[in-house]
Amino acid sequence: MIRLQTALSAALLLLLSMPILLSGCATMGPGIEKPTISVTDLQLQEVKALEAIFMLELRVMNPNDFPLDIRGINCDLKLDGKRFATGLSDIRQEVPPFGTATVPVTVYASMFDMVSSVIQMLQDVDQQRGPAQPLHYELAGKVRLGNHGGTRSVPFLSEGEINLGGRNH
């Protein structure tokens with residue numbers, strides 16, 4: 001009987017102290033503002049029978065007043081709404097407070113996806129009979145941050161246009 005009362009008292013004490021414990025966890029360390037991530041370059045590295053390998057360079061902008069410790073990035077790149085390439089990087093890099101850094105990410109594109117995209121672009125250009133329209137790109141993924149003793153995964157989305165005639169937006 002005494003053990004049951006002790007167990008009930010311990011459970012009641014734990015239940016009553018949960019709000020205090022949870023609020024303490026929520027305030028451990030400063031809040032992290034999401035970094036802004038954008039595409040700065042895309043270079044063909046290698047072509048194989050069934051895939052092409054590209055080096056995608058991303059700019060990471062840190063809006064925080066403390067450095068961000070990048071532990072890795074994974075992403076998917078779409079061109080005109082069609083999946084083009086996917087990739088990841090286990091790079092470890094620090095982005096200074098209110099600063100930027102470029103991060104290389106290796107992405108892999110299926111030759112089947114690339115060929116179907118090129119055929120569609122050629123058909124679109126042929127139907128327009130004019131200068132090539134810019135390609136819309138969408139880059140979505142997650143950046144892994146390792147600040148303050150833990151690892152946090154932060155999603156990102158970046159969009160823009162690639163002008164095949166020269167200038168990118």
# chains A, B, ... in the order shown; residues from 1 in each chain; ligands from 1
$ residues_around --residues "range 69-73 of chain A" --least-positions-apart "2" --cutoff "7 Å" --atoms "only C-alpha atoms" --output "list in words"
Pro67, Cys75, Leu88, Ser89, Asp90, Ile91, Arg92, Gln93, Glu94, Val95, Lys142, Val143, Arg144, Leu145, Gly146 and Asn147 of chain A
$ residues_around --residues "Phe84 in chain A" --least-positions-apart "2" --cutoff "12 Å" --atoms "only C-alpha atoms" --output "PyMOL selection string"
chain A and resi 51-54+75-82+86-87+107-118+135-140
$ atom_distance --atom1 "CA of Phe66 in chain A" --atom2 "CA of Pro97 in chain A"
4.6 Å
$ closest_residue --among "A:Thr151, A:Asn163, A:Asn64, A:Thr106" --to "Ile32 in chain A" --atoms "only C-alpha atoms"
A:Asn64
$ closest_residue --among "A:Ala101, A:Leu58, A:Ile162, A:Leu68" --to "Ile37 in chain A" --atoms "only C-alpha atoms"
A:Leu58
$ select_by_dssp --residues "range 53-126 of chain A" --states "helix (DSSP H, G or I)" --output "list of chain:residue names"
A:Met111, A:Phe112, A:Asp113, A:Met114, A:Val115, A:Ser116, A:Ser117, A:Val118, A:Ile119, A:Gln120, A:Met121, A:Leu122, A:Gln123, A:Asp124, A:Val125, A:Asp126
$ write_last_selection --atoms "N, CA and C atoms" --output "CSV table (one decimal), in the first residue's frame"
chain,number,residue,atom,x,y,z
A,111,MET,N,19.6,10.4,-67.0
A,111,MET,CA,19.7,10.7,-68.5
A,111,MET,C,18.3,10.6,-69.1
A,112,PHE,N,17.4,9.7,-68.6
A,112,PHE,CA,16.1,9.6,-69.1
A,112,PHE,C,15.3,10.9,-68.8
A,113,ASP,N,15.4,11.4,-67.6
A,113,ASP,CA,14.7,12.7,-67.2
A,113,ASP,C,15.3,13.8,-68.1
A,114,MET,N,16.6,13.9,-68.3
A,114,MET,CA,17.2,15.0,-69.0
A,114,MET,C,16.8,14.9,-70.5
A,115,VAL,N,16.8,13.8,-71.1
A,115,VAL,CA,16.4,13.7,-72.5
A,115,VAL,C,14.9,14.1,-72.7
A,116,SER,N,14.0,13.6,-71.8
A,116,SER,CA,12.6,14.0,-72.0
A,116,SER,C,12.5,15.5,-71.7
A,117,SER,N,13.2,16.1,-70.8
A,117,SER,CA,13.2,17.6,-70.6
A,117,SER,C,13.6,18.3,-71.9
A,118,VAL,N,14.7,17.9,-72.5
A,118,VAL,CA,15.3,18.6,-73.6
A,118,VAL,C,14.3,18.4,-74.8
A,119,ILE,N,13.7,17.3,-75.0
A,119,ILE,CA,12.7,17.1,-76.1
A,119,ILE,C,11.6,18.0,-75.9
A,120,GLN,N,11.1,18.1,-74.6
A,120,GLN,CA,10.0,19.0,-74.3
A,120,GLN,C,10.3,20.5,-74.6
A,121,MET,N,11.6,20.9,-74.2
A,121,MET,CA,12.0,22.3,-74.5
A,121,MET,C,12.1,22.6,-76.0
A,122,LEU,N,12.6,21.6,-76.7
A,122,LEU,CA,12.7,21.8,-78.2
A,122,LEU,C,11.4,21.9,-78.8
A,123,GLN,N,10.4,21.1,-78.4
A,123,GLN,CA,9.0,21.2,-78.9
A,123,GLN,C,8.4,22.5,-78.5
A,124,ASP,N,8.7,23.0,-77.3
A,124,ASP,CA,8.1,24.3,-76.9
A,124,ASP,C,8.7,25.4,-77.7
A,125,VAL,N,10.0,25.4,-78.0
A,125,VAL,CA,10.7,26.4,-78.8
A,125,VAL,C,10.2,26.4,-80.2
A,126,ASP,N,10.0,25.2,-80.8
A,126,ASP,CA,9.5,25.0,-82.1
A,126,ASP,C,8.1,25.6,-82.3
$ atom_distance --atom1 "CA of Gly31 in chain A" --atom2 "CA of Asp65 in chain A"
10.6 Å
